[in-house]
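Source file: final.cif. Holds: mmCIF, N, CA and C atoms and all ligand atoms.
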```cif
data_protein
#
loop_
_atom_site.group_PDB
_atom_site.id
_atom_site.type_symbol
_atom_site.label_atom_id
_atom_site.label_comp_id
_atom_site.auth_asym_id
_atom_site.auth_seq_id
_atom_site.Cartn_x
_atom_site.Cartn_y
_atom_site.Cartn_z
ATOM 1 N N MET A 278 9.691 -2.334 25.288
ATOM 2 C CA MET A 278 8.625 -2.897 24.465
ATOM 3 C C MET A 278 8.977 -2.729 22.982
ATOM 4 N N THR A 279 8.753 -3.771 22.212
ATOM 5 C CA THR A 279 9.082 -3.738 20.794
ATOM 6 C C THR A 279 8.041 -2.935 20.012
ATOM 7 N N THR A 280 8.485 -1.983 19.218
ATOM 8 C CA THR A 280 7.566 -1.142 18.461
ATOM 9 C C THR A 280 7.143 -1.827 17.162
ATOM 10 N N ILE A 281 6.057 -1.324 16.562
ATOM 11 C CA ILE A 281 5.589 -1.880 15.293
ATOM 12 C C ILE A 281 6.621 -1.653 14.196
ATOM 13 N N GLU A 282 7.335 -0.510 14.259
ATOM 14 C CA GLU A 282 8.359 -0.244 13.254
ATOM 15 C C GLU A 282 9.484 -1.278 13.331
ATOM 16 N N THR A 283 9.858 -1.634 14.559
ATOM 17 C CA THR A 283 10.905 -2.641 14.728
ATOM 18 C C THR A 283 10.441 -3.993 14.192
ATOM 19 N N LYS A 284 9.182 -4.354 14.509
ATOM 20 C CA LYS A 284 8.667 -5.637 14.034
ATOM 21 C C LYS A 284 8.593 -5.681 12.509
ATOM 22 N N LEU A 285 8.173 -4.569 11.897
ATOM 23 C CA LEU A 285 8.124 -4.521 10.434
ATOM 24 C C LEU A 285 9.520 -4.660 9.841
ATOM 25 N N GLY A 286 10.513 -4.140 10.552
ATOM 26 C CA GLY A 286 11.891 -4.231 10.074
ATOM 27 C C GLY A 286 12.405 -5.650 10.050
ATOM 28 N N TRP A 287 11.765 -6.552 10.799
ATOM 29 C CA TRP A 287 12.184 -7.958 10.793
ATOM 30 C C TRP A 287 11.680 -8.694 9.552
ATOM 31 N N ASP A 288 10.609 -8.197 8.954
ATOM 32 C CA ASP A 288 10.040 -8.887 7.802
ATOM 33 C C ASP A 288 10.967 -8.763 6.588
ATOM 34 N N VAL A 289 10.832 -9.710 5.685
ATOM 35 C CA VAL A 289 11.626 -9.700 4.459
ATOM 36 C C VAL A 289 10.691 -9.457 3.282
ATOM 37 N N PHE A 290 11.086 -8.565 2.375
ATOM 38 C CA PHE A 290 10.262 -8.245 1.219
ATOM 39 C C PHE A 290 11.036 -8.580 -0.052
ATOM 40 N N LYS A 291 10.423 -9.416 -0.882
ATOM 41 C CA LYS A 291 11.044 -9.746 -2.167
ATOM 42 C C LYS A 291 10.258 -9.032 -3.265
ATOM 43 N N LEU A 292 10.978 -8.214 -4.024
ATOM 44 C CA LEU A 292 10.335 -7.370 -5.027
ATOM 45 C C LEU A 292 9.901 -8.187 -6.238
ATOM 46 N N GLY A 293 8.639 -8.016 -6.629
ATOM 47 C CA GLY A 293 8.121 -8.703 -7.804
ATOM 48 C C GLY A 293 8.511 -7.976 -9.076
ATOM 49 N N ALA A 294 8.233 -8.605 -10.215
ATOM 50 C CA ALA A 294 8.613 -8.021 -11.493
ATOM 51 C C ALA A 294 7.773 -6.796 -11.822
ATOM 52 N N GLU A 295 6.570 -6.741 -11.292
ATOM 53 C CA GLU A 295 5.707 -5.600 -11.577
ATOM 54 C C GLU A 295 4.887 -5.253 -10.351
ATOM 55 N N ALA A 296 4.361 -4.033 -10.342
ATOM 56 C CA ALA A 296 3.569 -3.577 -9.196
ATOM 57 C C ALA A 296 2.319 -4.428 -9.038
ATOM 58 N N HIS A 297 1.994 -4.787 -7.799
ATOM 59 C CA HIS A 297 0.773 -5.564 -7.578
ATOM 60 C C HIS A 297 -0.375 -4.670 -7.114
ATOM 61 N N ILE A 298 -0.101 -3.360 -7.002
ATOM 62 C CA ILE A 298 -1.156 -2.395 -6.694
ATOM 63 C C ILE A 298 -1.065 -1.280 -7.743
ATOM 64 N N ILE A 299 -2.133 -1.093 -8.481
ATOM 65 C CA ILE A 299 -2.193 -0.042 -9.500
ATOM 66 C C ILE A 299 -3.277 0.959 -9.096
ATOM 67 N N ILE A 300 -2.936 2.238 -9.139
ATOM 68 C CA ILE A 300 -3.877 3.288 -8.751
ATOM 69 C C ILE A 300 -4.408 3.984 -9.998
ATOM 70 N N ASP A 301 -5.719 4.106 -10.100
ATOM 71 C CA ASP A 301 -6.340 4.830 -11.206
ATOM 72 C C ASP A 301 -6.372 6.311 -10.839
ATOM 73 N N GLN A 302 -5.347 7.044 -11.260
ATOM 74 C CA GLN A 302 -5.198 8.442 -10.864
ATOM 75 C C GLN A 302 -6.383 9.303 -11.315
ATOM 76 N N GLU A 303 -6.968 8.951 -12.428
ATOM 77 C CA GLU A 303 -8.089 9.740 -12.944
ATOM 78 C C GLU A 303 -9.247 9.695 -11.955
ATOM 79 N N VAL A 304 -9.513 8.521 -11.414
ATOM 80 C CA VAL A 304 -10.590 8.386 -10.424
ATOM 81 C C VAL A 304 -10.238 9.166 -9.165
ATOM 82 N N CYS A 305 -9.022 8.989 -8.683
ATOM 83 C CA CYS A 305 -8.605 9.682 -7.458
ATOM 84 C C CYS A 305 -8.759 11.197 -7.600
ATOM 85 N N GLN A 306 -8.299 11.707 -8.721
ATOM 86 C CA GLN A 306 -8.306 13.154 -8.911
ATOM 87 C C GLN A 306 -9.718 13.701 -9.109
ATOM 88 N N SER A 307 -10.574 12.923 -9.714
ATOM 89 C CA SER A 307 -11.875 13.455 -10.106
ATOM 90 C C SER A 307 -12.949 13.307 -9.038
ATOM 91 N N VAL A 308 -12.889 12.263 -8.227
ATOM 92 C CA VAL A 308 -14.026 12.036 -7.321
ATOM 93 C C VAL A 308 -13.671 11.871 -5.848
ATOM 94 N N CYS A 309 -12.394 11.646 -5.519
ATOM 95 C CA CYS A 309 -12.088 11.304 -4.123
ATOM 96 C C CYS A 309 -11.557 12.520 -3.360
ATOM 97 N N GLN A 310 -12.280 12.914 -2.349
ATOM 98 C CA GLN A 310 -11.842 14.051 -1.546
ATOM 99 C C GLN A 310 -11.238 13.612 -0.213
ATOM 100 N N MET A 311 -11.783 12.564 0.380
ATOM 101 C CA MET A 311 -11.323 12.129 1.705
ATOM 102 C C MET A 311 -9.990 11.362 1.651
ATOM 103 N N ARG A 312 -9.770 10.665 0.561
ATOM 104 C CA ARG A 312 -8.533 9.900 0.364
ATOM 105 C C ARG A 312 -8.174 9.014 1.574
ATOM 106 N N PRO A 313 -9.040 8.106 1.913
ATOM 107 C CA PRO A 313 -8.769 7.261 3.080
ATOM 108 C C PRO A 313 -7.510 6.403 2.956
ATOM 109 N N CYS A 314 -7.096 6.120 1.732
ATOM 110 C CA CYS A 314 -5.898 5.286 1.563
ATOM 111 C C CYS A 314 -4.676 5.904 2.231
ATOM 112 N N LEU A 315 -4.675 7.234 2.367
ATOM 113 C CA LEU A 315 -3.528 7.913 2.986
ATOM 114 C C LEU A 315 -3.440 7.642 4.488
ATOM 115 N N HIS A 316 -4.493 7.076 5.056
ATOM 116 C CA HIS A 316 -4.554 6.943 6.517
ATOM 117 C C HIS A 316 -4.707 5.510 7.021
ATOM 118 N N VAL A 317 -5.094 4.585 6.155
ATOM 119 C CA VAL A 317 -5.440 3.255 6.654
ATOM 120 C C VAL A 317 -4.317 2.234 6.560
ATOM 121 N N CYS A 318 -3.328 2.475 5.723
ATOM 122 C CA CYS A 318 -2.301 1.449 5.521
ATOM 123 C C CYS A 318 -1.463 1.278 6.795
ATOM 124 N N PRO A 319 -1.391 0.069 7.341
ATOM 125 C CA PRO A 319 -0.626 -0.139 8.578
ATOM 126 C C PRO A 319 0.868 0.082 8.403
ATOM 127 N N ALA A 320 1.350 0.014 7.177
ATOM 128 C CA ALA A 320 2.770 0.264 6.924
ATOM 129 C C ALA A 320 2.998 1.685 6.407
ATOM 130 N N ASP A 321 1.928 2.469 6.312
ATOM 131 C CA ASP A 321 2.023 3.887 5.912
ATOM 132 C C ASP A 321 2.689 4.037 4.543
ATOM 133 N N LEU A 322 2.208 3.270 3.586
ATOM 134 C CA LEU A 322 2.844 3.242 2.267
ATOM 135 C C LEU A 322 2.251 4.217 1.267
ATOM 136 N N TYR A 323 1.087 4.784 1.592
ATOM 137 C CA TYR A 323 0.451 5.735 0.671
ATOM 138 C C TYR A 323 0.870 7.159 1.022
ATOM 139 N N THR A 324 1.278 7.912 -0.003
ATOM 140 C CA THR A 324 1.682 9.304 0.177
ATOM 141 C C THR A 324 1.214 10.118 -1.027
ATOM 142 N N LEU A 325 1.370 11.435 -0.938
ATOM 143 C CA LEU A 325 1.108 12.316 -2.073
ATOM 144 C C LEU A 325 2.438 12.751 -2.672
ATOM 145 N N ASN A 326 2.502 12.777 -4.005
ATOM 146 C CA ASN A 326 3.721 13.286 -4.640
ATOM 147 C C ASN A 326 3.603 14.800 -4.853
ATOM 148 N N ASP A 327 4.555 15.379 -5.541
ATOM 149 C CA ASP A 327 4.586 16.836 -5.725
ATOM 150 C C ASP A 327 3.382 17.357 -6.503
ATOM 151 N N GLN A 328 2.777 16.481 -7.289
ATOM 152 C CA GLN A 328 1.594 16.875 -8.069
ATOM 153 C C GLN A 328 0.295 16.565 -7.329
ATOM 154 N N GLU A 329 0.419 16.254 -6.030
ATOM 155 C CA GLU A 329 -0.757 15.914 -5.212
ATOM 156 C C GLU A 329 -1.433 14.636 -5.686
ATOM 157 N N GLU A 330 -0.677 13.765 -6.339
ATOM 158 C CA GLU A 330 -1.203 12.471 -6.756
ATOM 159 C C GLU A 330 -0.882 11.439 -5.677
ATOM 160 N N VAL A 331 -1.843 10.532 -5.460
ATOM 161 C CA VAL A 331 -1.615 9.459 -4.497
ATOM 162 C C VAL A 331 -0.655 8.443 -5.102
ATOM 163 N N GLN A 332 0.321 8.028 -4.319
ATOM 164 C CA GLN A 332 1.229 6.985 -4.772
ATOM 165 C C GLN A 332 1.413 5.971 -3.654
ATOM 166 N N VAL A 333 1.791 4.756 -4.019
ATOM 167 C CA VAL A 333 1.978 3.705 -3.022
ATOM 168 C C VAL A 333 3.332 3.040 -3.245
ATOM 169 N N ASP A 334 4.078 2.875 -2.161
ATOM 170 C CA ASP A 334 5.358 2.172 -2.222
ATOM 171 C C ASP A 334 5.075 0.686 -2.031
ATOM 172 N N TYR A 335 4.617 0.049 -3.090
ATOM 173 C CA TYR A 335 4.119 -1.330 -2.992
ATOM 174 C C TYR A 335 5.186 -2.326 -2.547
ATOM 175 N N GLU A 336 6.469 -1.940 -2.648
ATOM 176 C CA GLU A 336 7.540 -2.883 -2.266
ATOM 177 C C GLU A 336 7.449 -3.292 -0.793
ATOM 178 N N GLY A 337 6.872 -2.416 0.046
ATOM 179 C CA GLY A 337 6.788 -2.730 1.474
ATOM 180 C C GLY A 337 5.421 -3.230 1.896
ATOM 181 N N CYS A 338 4.637 -3.674 0.931
ATOM 182 C CA CYS A 338 3.250 -4.067 1.218
ATOM 183 C C CYS A 338 3.175 -5.313 2.106
ATOM 184 N N LEU A 339 2.286 -5.255 3.087
ATOM 185 C CA LEU A 339 2.077 -6.372 4.013
ATOM 186 C C LEU A 339 0.988 -7.320 3.524
ATOM 187 N N GLU A 340 0.382 -6.993 2.382
ATOM 188 C CA GLU A 340 -0.634 -7.836 1.742
ATOM 189 C C GLU A 340 -1.858 -8.027 2.621
ATOM 190 N N CYS A 341 -2.224 -6.970 3.342
ATOM 191 C CA CYS A 341 -3.386 -7.071 4.239
ATOM 192 C C CYS A 341 -4.703 -6.775 3.526
ATOM 193 N N GLY A 342 -4.652 -6.023 2.415
ATOM 194 C CA GLY A 342 -5.863 -5.705 1.663
ATOM 195 C C GLY A 342 -6.669 -4.538 2.200
ATOM 196 N N THR A 343 -6.177 -3.885 3.230
ATOM 197 C CA THR A 343 -6.931 -2.780 3.842
ATOM 198 C C THR A 343 -7.183 -1.639 2.857
ATOM 199 N N CYS A 344 -6.178 -1.288 2.073
ATOM 200 C CA CYS A 344 -6.360 -0.184 1.115
ATOM 201 C C CYS A 344 -7.428 -0.526 0.097
ATOM 202 N N LEU A 345 -7.467 -1.763 -0.318
ATOM 203 C CA LEU A 345 -8.438 -2.175 -1.332
ATOM 204 C C LEU A 345 -9.864 -2.008 -0.823
ATOM 205 N N ILE A 346 -10.121 -2.491 0.379
ATOM 206 C CA ILE A 346 -11.501 -2.423 0.880
ATOM 207 C C ILE A 346 -11.855 -1.026 1.384
ATOM 208 N N SER A 347 -10.873 -0.185 1.644
ATOM 209 C CA SER A 347 -11.188 1.155 2.145
ATOM 210 C C SER A 347 -11.361 2.176 1.024
ATOM 211 N N CYS A 348 -10.976 1.832 -0.193
ATOM 212 C CA CYS A 348 -11.127 2.771 -1.314
ATOM 213 C C CYS A 348 -12.610 2.825 -1.711
ATOM 214 N N PRO A 349 -13.253 3.975 -1.553
ATOM 215 C CA PRO A 349 -14.685 4.059 -1.812
ATOM 216 C C PRO A 349 -15.042 4.143 -3.289
ATOM 217 N N HIS A 350 -14.036 4.246 -4.158
ATOM 218 C CA HIS A 350 -14.324 4.469 -5.577
ATOM 219 C C HIS A 350 -13.724 3.392 -6.485
ATOM 220 N N ASN A 351 -13.311 2.293 -5.902
ATOM 221 C CA ASN A 351 -12.756 1.178 -6.687
ATOM 222 C C ASN A 351 -11.633 1.638 -7.625
ATOM 223 N N ALA A 352 -10.771 2.487 -7.101
ATOM 224 C CA ALA A 352 -9.696 3.019 -7.930
ATOM 225 C C ALA A 352 -8.441 2.144 -7.904
ATOM 226 N N LEU A 353 -8.474 1.088 -7.129
ATOM 227 C CA LEU A 353 -7.287 0.241 -7.006
ATOM 228 C C LEU A 353 -7.461 -1.080 -7.729
ATOM 229 N N THR A 354 -6.434 -1.455 -8.469
ATOM 230 C CA THR A 354 -6.328 -2.821 -8.975
ATOM 231 C C THR A 354 -5.291 -3.504 -8.097
ATOM 232 N N TRP A 355 -5.715 -4.534 -7.404
ATOM 233 C CA TRP A 355 -4.874 -5.145 -6.359
ATOM 234 C C TRP A 355 -4.860 -6.651 -6.555
ATOM 235 N N HIS A 356 -3.688 -7.233 -6.537
ATOM 236 C CA HIS A 356 -3.587 -8.696 -6.524
ATOM 237 C C HIS A 356 -2.359 -9.072 -5.712
ATOM 238 N N TYR A 357 -2.312 -10.311 -5.271
ATOM 239 C CA TYR A 357 -1.136 -10.733 -4.515
ATOM 240 C C TYR A 357 0.092 -10.716 -5.432
ATOM 241 N N PRO A 358 1.268 -10.414 -4.882
ATOM 242 C CA PRO A 358 2.489 -10.449 -5.688
ATOM 243 C C PRO A 358 2.696 -11.833 -6.294
ATOM 244 N N GLY A 359 3.420 -11.870 -7.410
ATOM 245 C CA GLY A 359 3.671 -13.136 -8.085
ATOM 246 C C GLY A 359 4.450 -14.110 -7.219
ATOM 247 N N GLY A 360 4.433 -15.376 -7.623
ATOM 248 C CA GLY A 360 5.067 -16.426 -6.843
ATOM 249 C C GLY A 360 6.490 -16.111 -6.448
ATOM 250 N N GLY A 361 6.781 -16.299 -5.159
ATOM 251 C CA GLY A 361 8.138 -16.063 -4.657
ATOM 252 C C GLY A 361 8.415 -14.642 -4.245
ATOM 253 N N SER A 362 7.536 -13.691 -4.605
ATOM 254 C CA SER A 362 7.763 -12.306 -4.212
ATOM 255 C C SER A 362 6.753 -11.892 -3.143
ATOM 256 N N GLY A 363 6.957 -10.692 -2.603
ATOM 257 C CA GLY A 363 6.071 -10.204 -1.553
ATOM 258 C C GLY A 363 6.702 -10.347 -0.178
ATOM 259 N N VAL A 364 5.852 -10.248 0.839
ATOM 260 C CA VAL A 364 6.336 -10.225 2.213
ATOM 261 C C VAL A 364 6.538 -11.636 2.770
ATOM 262 N N GLN A 365 7.576 -11.771 3.573
ATOM 263 C CA GLN A 365 7.771 -12.981 4.380
ATOM 264 C C GLN A 365 7.801 -12.527 5.825
ATOM 265 N N TYR A 366 6.808 -12.940 6.591
ATOM 266 C CA TYR A 366 6.720 -12.503 7.983
ATOM 267 C C TYR A 366 7.715 -13.260 8.849
ATOM 268 N N ARG A 367 8.268 -12.547 9.803
ATOM 269 C CA ARG A 367 9.179 -13.144 10.775
ATOM 270 C C ARG A 367 8.603 -12.914 12.173
ATOM 271 N N PHE A 368 8.566 -13.899 12.962
ATOM 272 C CA PHE A 368 8.138 -13.814 14.356
ATOM 273 C C PHE A 368 6.697 -13.322 14.482
ATOM 274 N N GLY A 369 5.825 -13.689 13.562
ATOM 275 C CA GLY A 369 4.403 -13.384 13.655
ATOM 276 C C GLY A 369 4.055 -11.995 13.190
HETATM 277 S S1 LIG B 1 -9.114 6.117 -1.496
HETATM 278 FE FE1 LIG B 1 -9.148 5.236 -3.581
HETATM 279 S S2 LIG B 1 -10.006 6.832 -4.904
HETATM 280 FE FE2 LIG B 1 -9.425 7.794 -2.955
HETATM 281 S S3 LIG B 1 -7.339 8.616 -3.342
HETATM 282 FE FE3 LIG B 1 -7.130 6.563 -2.423
HETATM 283 S S4 LIG B 1 -6.963 5.123 -4.167
HETATM 284 FE FE4 LIG B 1 -7.778 7.067 -4.948
HETATM 285 S S1 LIG B 2 -2.418 -4.134 1.223
HETATM 286 FE FE1 LIG B 2 -2.158 -3.335 3.343
HETATM 287 S S2 LIG B 2 0.049 -3.018 3.580
HETATM 288 FE FE2 LIG B 2 -0.342 -3.262 1.386
HETATM 289 S S3 LIG B 2 -0.517 -1.157 0.640
HETATM 290 FE FE3 LIG B 2 -2.607 -1.910 1.111
HETATM 291 S S4 LIG B 2 -3.017 -1.276 3.226
HETATM 292 FE FE4 LIG B 2 -0.801 -1.082 2.878
#
```
When written as C-alpha cells, how does the structure in this file appear?
Ligand code: SF4
Ligand code: SF4
Amino acid sequence: MTTIETKLGWDVFKLGAEAHIIIDQEVCQSVCQMRPCLHVCPADLYTLNDQEEVQVDYEGCLECGTCLISCPHNALTWHYPGGGSGVQYRFG
C-alpha cells in the first residue's frame, strides 16, 4: 500500500520569491498555549526552533489552508504562492 509520505514525494514544489505564510511570533508567544498549528498540518511543516518559536517550512506547503483556519489567534498571514510557484500535485 502506498503511504502518504510516498505520495507527497511525487508532488513537485516550486519555491516562490518570498514566504507565503508569515507567523506573528509576538502573538504566538504571548497568547497561544495549545499551538494547534504544530499538529494539524498534513505535511507536518510546523515545528519549534531552539528558542521554542513556531516555524513553518513553507516550501513544502500543500496549500490546504488548514493552519490558517486552525490558528485561534489570527497569528498567520497566509496567501497562495505567487504565479508559477507552489505545489503541483501528481496522481491526485
Ligand atoms: S496556532 Fe497560531 S497563535 Fe498558536 S502557535 Fe500556531 S500560529 Fe501561533
Ligand atoms: S496550508 Fe496546509 S500544508 Fe500548508 S502549511 Fe498550512 S496546514 Fe500545512
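If you count all atoms listed in the file and ignore residues fewer than 5 places along the chain from segment 312-323 of chain A, what sits within 7 Å of it is Val331, Gln332, Val333, Asp334, Tyr335, Gly337, Leu339, Thr343, Cys344, Ser347, Cys348 and Pro349 of chain A.
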How about saving the chosen residues, N, CA and C atoms kept, as an mmCIF file, in the frame of the given file?
```cif
data_model
loop_
_atom_site.group_PDB
_atom_site.id
_atom_site.type_symbol
_atom_site.label_atom_id
_atom_site.label_comp_id
_atom_site.auth_asym_id
_atom_site.auth_seq_id
_atom_site.Cartn_x
_atom_site.Cartn_y
_atom_site.Cartn_z
ATOM 1 N N VAL A 331 -1.843 10.532 -5.460
ATOM 2 C CA VAL A 331 -1.615 9.459 -4.497
ATOM 3 C C VAL A 331 -0.655 8.443 -5.102
ATOM 4 N N GLN A 332 0.321 8.028 -4.319
ATOM 5 C CA GLN A 332 1.229 6.985 -4.772
ATOM 6 C C GLN A 332 1.413 5.971 -3.654
ATOM 7 N N VAL A 333 1.791 4.756 -4.019
ATOM 8 C CA VAL A 333 1.978 3.705 -3.022
ATOM 9 C C VAL A 333 3.332 3.040 -3.245
ATOM 10 N N ASP A 334 4.078 2.875 -2.161
ATOM 11 C CA ASP A 334 5.358 2.172 -2.222
ATOM 12 C C ASP A 334 5.075 0.686 -2.031
ATOM 13 N N TYR A 335 4.617 0.049 -3.090
ATOM 14 C CA TYR A 335 4.119 -1.330 -2.992
ATOM 15 C C TYR A 335 5.186 -2.326 -2.547
ATOM 16 N N GLY A 337 6.872 -2.416 0.046
ATOM 17 C CA GLY A 337 6.788 -2.730 1.474
ATOM 18 C C GLY A 337 5.421 -3.230 1.896
ATOM 19 N N LEU A 339 2.286 -5.255 3.087
ATOM 20 C CA LEU A 339 2.077 -6.372 4.013
ATOM 21 C C LEU A 339 0.988 -7.320 3.524
ATOM 22 N N THR A 343 -6.177 -3.885 3.230
ATOM 23 C CA THR A 343 -6.931 -2.780 3.842
ATOM 24 C C THR A 343 -7.183 -1.639 2.857
ATOM 25 N N CYS A 344 -6.178 -1.288 2.073
ATOM 26 C CA CYS A 344 -6.360 -0.184 1.115
ATOM 27 C C CYS A 344 -7.428 -0.526 0.097
ATOM 28 N N SER A 347 -10.873 -0.185 1.644
ATOM 29 C CA SER A 347 -11.188 1.155 2.145
ATOM 30 C C SER A 347 -11.361 2.176 1.024
ATOM 31 N N CYS A 348 -10.976 1.832 -0.193
ATOM 32 C CA CYS A 348 -11.127 2.771 -1.314
ATOM 33 C C CYS A 348 -12.610 2.825 -1.711
ATOM 34 N N PRO A 349 -13.253 3.975 -1.553
ATOM 35 C CA PRO A 349 -14.685 4.059 -1.812
ATOM 36 C C PRO A 349 -15.042 4.143 -3.289
#
```
Ligand LIG 2 (chain B): axis-aligned bounding box, 4 Å on each side, centre and edge lengths in Å, one decimal, as lines of an AutoDock Vina configuration file:
```
center_x = -1.5
center_y = -2.6
center_z = 2.1
size_x = 11.1
size_y = 11.1
size_z = 10.9
```
Counting all atoms listed in the file, what is within 8 Å of Asn351 of chain A, bar same-chain residues fewer than 3 positions away, as number ranges by chain?
-> A: 300-301, 304-305, 345, 347-348, 354
Among the residues of chain A, find those DSSP assigns to strand (DSSP E or B) from the backbone and print them as an MDAnalysis selection string.
-> chainID A and resid 289:291 298:300 323:325 331:333 353:355 363:365
Could you spell out the hits of the PyMOL selection byres (((chain A and resi 361) around 8) and not hetatm) on the shown file, as an mmCIF file with N, CA and C atoms, keeping the file's coordinate frame?
```
data_model
loop_
_atom_site.group_PDB
_atom_site.id
_atom_site.type_symbol
_atom_site.label_atom_id
_atom_site.label_comp_id
_atom_site.auth_asym_id
_atom_site.auth_seq_id
_atom_site.Cartn_x
_atom_site.Cartn_y
_atom_site.Cartn_z
ATOM 1 N N PHE A 290 11.086 -8.565 2.375
ATOM 2 C CA PHE A 290 10.262 -8.245 1.219
ATOM 3 C C PHE A 290 11.036 -8.580 -0.052
ATOM 4 N N LYS A 291 10.423 -9.416 -0.882
ATOM 5 C CA LYS A 291 11.044 -9.746 -2.167
ATOM 6 C C LYS A 291 10.258 -9.032 -3.265
ATOM 7 N N LEU A 292 10.978 -8.214 -4.024
ATOM 8 C CA LEU A 292 10.335 -7.370 -5.027
ATOM 9 C C LEU A 292 9.901 -8.187 -6.238
ATOM 10 N N GLY A 293 8.639 -8.016 -6.629
ATOM 11 C CA GLY A 293 8.121 -8.703 -7.804
ATOM 12 C C GLY A 293 8.511 -7.976 -9.076
ATOM 13 N N PRO A 358 1.268 -10.414 -4.882
ATOM 14 C CA PRO A 358 2.489 -10.449 -5.688
ATOM 15 C C PRO A 358 2.696 -11.833 -6.294
ATOM 16 N N GLY A 359 3.420 -11.870 -7.410
ATOM 17 C CA GLY A 359 3.671 -13.136 -8.085
ATOM 18 C C GLY A 359 4.450 -14.110 -7.219
ATOM 19 N N GLY A 360 4.433 -15.376 -7.623
ATOM 20 C CA GLY A 360 5.067 -16.426 -6.843
ATOM 21 C C GLY A 360 6.490 -16.111 -6.448
ATOM 22 N N SER A 362 7.536 -13.691 -4.605
ATOM 23 C CA SER A 362 7.763 -12.306 -4.212
ATOM 24 C C SER A 362 6.753 -11.892 -3.143
ATOM 25 N N GLY A 363 6.957 -10.692 -2.603
ATOM 26 C CA GLY A 363 6.071 -10.204 -1.553
ATOM 27 C C GLY A 363 6.702 -10.347 -0.178
ATOM 28 N N VAL A 364 5.852 -10.248 0.839
ATOM 29 C CA VAL A 364 6.336 -10.225 2.213
ATOM 30 C C VAL A 364 6.538 -11.636 2.770
#
```
Of A:Leu325, A:Cys309, A:Leu353, A:Met278, the one sitting nearest His297 of chain A when using all atoms listed in the file is A:Leu353
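Interatomic distance, atom CA of Asn326 of chain A to atom CA of Leu285 of chain A: 23.7 Å.
Going from atom CA of Val308 of chain A to atom S2 of ligand LIG 1 (chain B) covers 7.0 Å.
If all atoms listed in the file are the atoms counted, then among A:Met311, A:Gln328, A:Glu282, A:Phe368 the closest residue to ligand LIG 1 (chain B) is A:Met311.
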As an mmCIF file, in the frame of the given file, could you write out segment 294-305 of chain A once it has been completed with N, CA, C and O atoms?
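Written out: out-v4.cif:
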```
data_model
loop_
_atom_site.group_PDB
_atom_site.id
_atom_site.type_symbol
_atom_site.label_atom_id
_atom_site.label_comp_id
_atom_site.auth_asym_id
_atom_site.auth_seq_id
_atom_site.Cartn_x
_atom_site.Cartn_y
_atom_site.Cartn_z
ATOM 1 N N ALA A 294 8.233 -8.605 -10.215
ATOM 2 C CA ALA A 294 8.613 -8.021 -11.493
ATOM 3 C C ALA A 294 7.773 -6.796 -11.822
ATOM 4 O O ALA A 294 8.218 -5.908 -12.550
ATOM 5 N N GLU A 295 6.570 -6.741 -11.292
ATOM 6 C CA GLU A 295 5.707 -5.600 -11.577
ATOM 7 C C GLU A 295 4.887 -5.253 -10.351
ATOM 8 O O GLU A 295 4.737 -6.079 -9.437
ATOM 9 N N ALA A 296 4.361 -4.033 -10.342
ATOM 10 C CA ALA A 296 3.569 -3.577 -9.196
ATOM 11 C C ALA A 296 2.319 -4.428 -9.038
ATOM 12 O O ALA A 296 1.655 -4.756 -10.031
ATOM 13 N N HIS A 297 1.994 -4.787 -7.799
ATOM 14 C CA HIS A 297 0.773 -5.564 -7.578
ATOM 15 C C HIS A 297 -0.375 -4.670 -7.114
ATOM 16 O O HIS A 297 -1.470 -5.156 -6.856
ATOM 17 N N ILE A 298 -0.101 -3.360 -7.002
ATOM 18 C CA ILE A 298 -1.156 -2.395 -6.694
ATOM 19 C C ILE A 298 -1.065 -1.280 -7.743
ATOM 20 O O ILE A 298 -0.026 -0.632 -7.870
ATOM 21 N N ILE A 299 -2.133 -1.093 -8.481
ATOM 22 C CA ILE A 299 -2.193 -0.042 -9.500
ATOM 23 C C ILE A 299 -3.277 0.959 -9.096
ATOM 24 O O ILE A 299 -4.404 0.565 -8.752
ATOM 25 N N ILE A 300 -2.936 2.238 -9.139
ATOM 26 C CA ILE A 300 -3.877 3.288 -8.751
ATOM 27 C C ILE A 300 -4.408 3.984 -9.998
ATOM 28 O O ILE A 300 -3.623 4.416 -10.852
ATOM 29 N N ASP A 301 -5.719 4.106 -10.100
ATOM 30 C CA ASP A 301 -6.340 4.830 -11.206
ATOM 31 C C ASP A 301 -6.372 6.311 -10.839
ATOM 32 O O ASP A 301 -7.282 6.789 -10.162
ATOM 33 N N GLN A 302 -5.347 7.044 -11.260
ATOM 34 C CA GLN A 302 -5.198 8.442 -10.864
ATOM 35 C C GLN A 302 -6.383 9.303 -11.315
ATOM 36 O O GLN A 302 -6.747 10.265 -10.645
ATOM 37 N N GLU A 303 -6.968 8.951 -12.428
ATOM 38 C CA GLU A 303 -8.089 9.740 -12.944
ATOM 39 C C GLU A 303 -9.247 9.695 -11.955
ATOM 40 O O GLU A 303 -9.882 10.719 -11.674
ATOM 41 N N VAL A 304 -9.513 8.521 -11.414
ATOM 42 C CA VAL A 304 -10.590 8.386 -10.424
ATOM 43 C C VAL A 304 -10.238 9.166 -9.165
ATOM 44 O O VAL A 304 -11.052 9.936 -8.638
ATOM 45 N N CYS A 305 -9.022 8.989 -8.683
ATOM 46 C CA CYS A 305 -8.605 9.682 -7.458
ATOM 47 C C CYS A 305 -8.759 11.197 -7.600
ATOM 48 O O CYS A 305 -9.289 11.866 -6.706
#
```
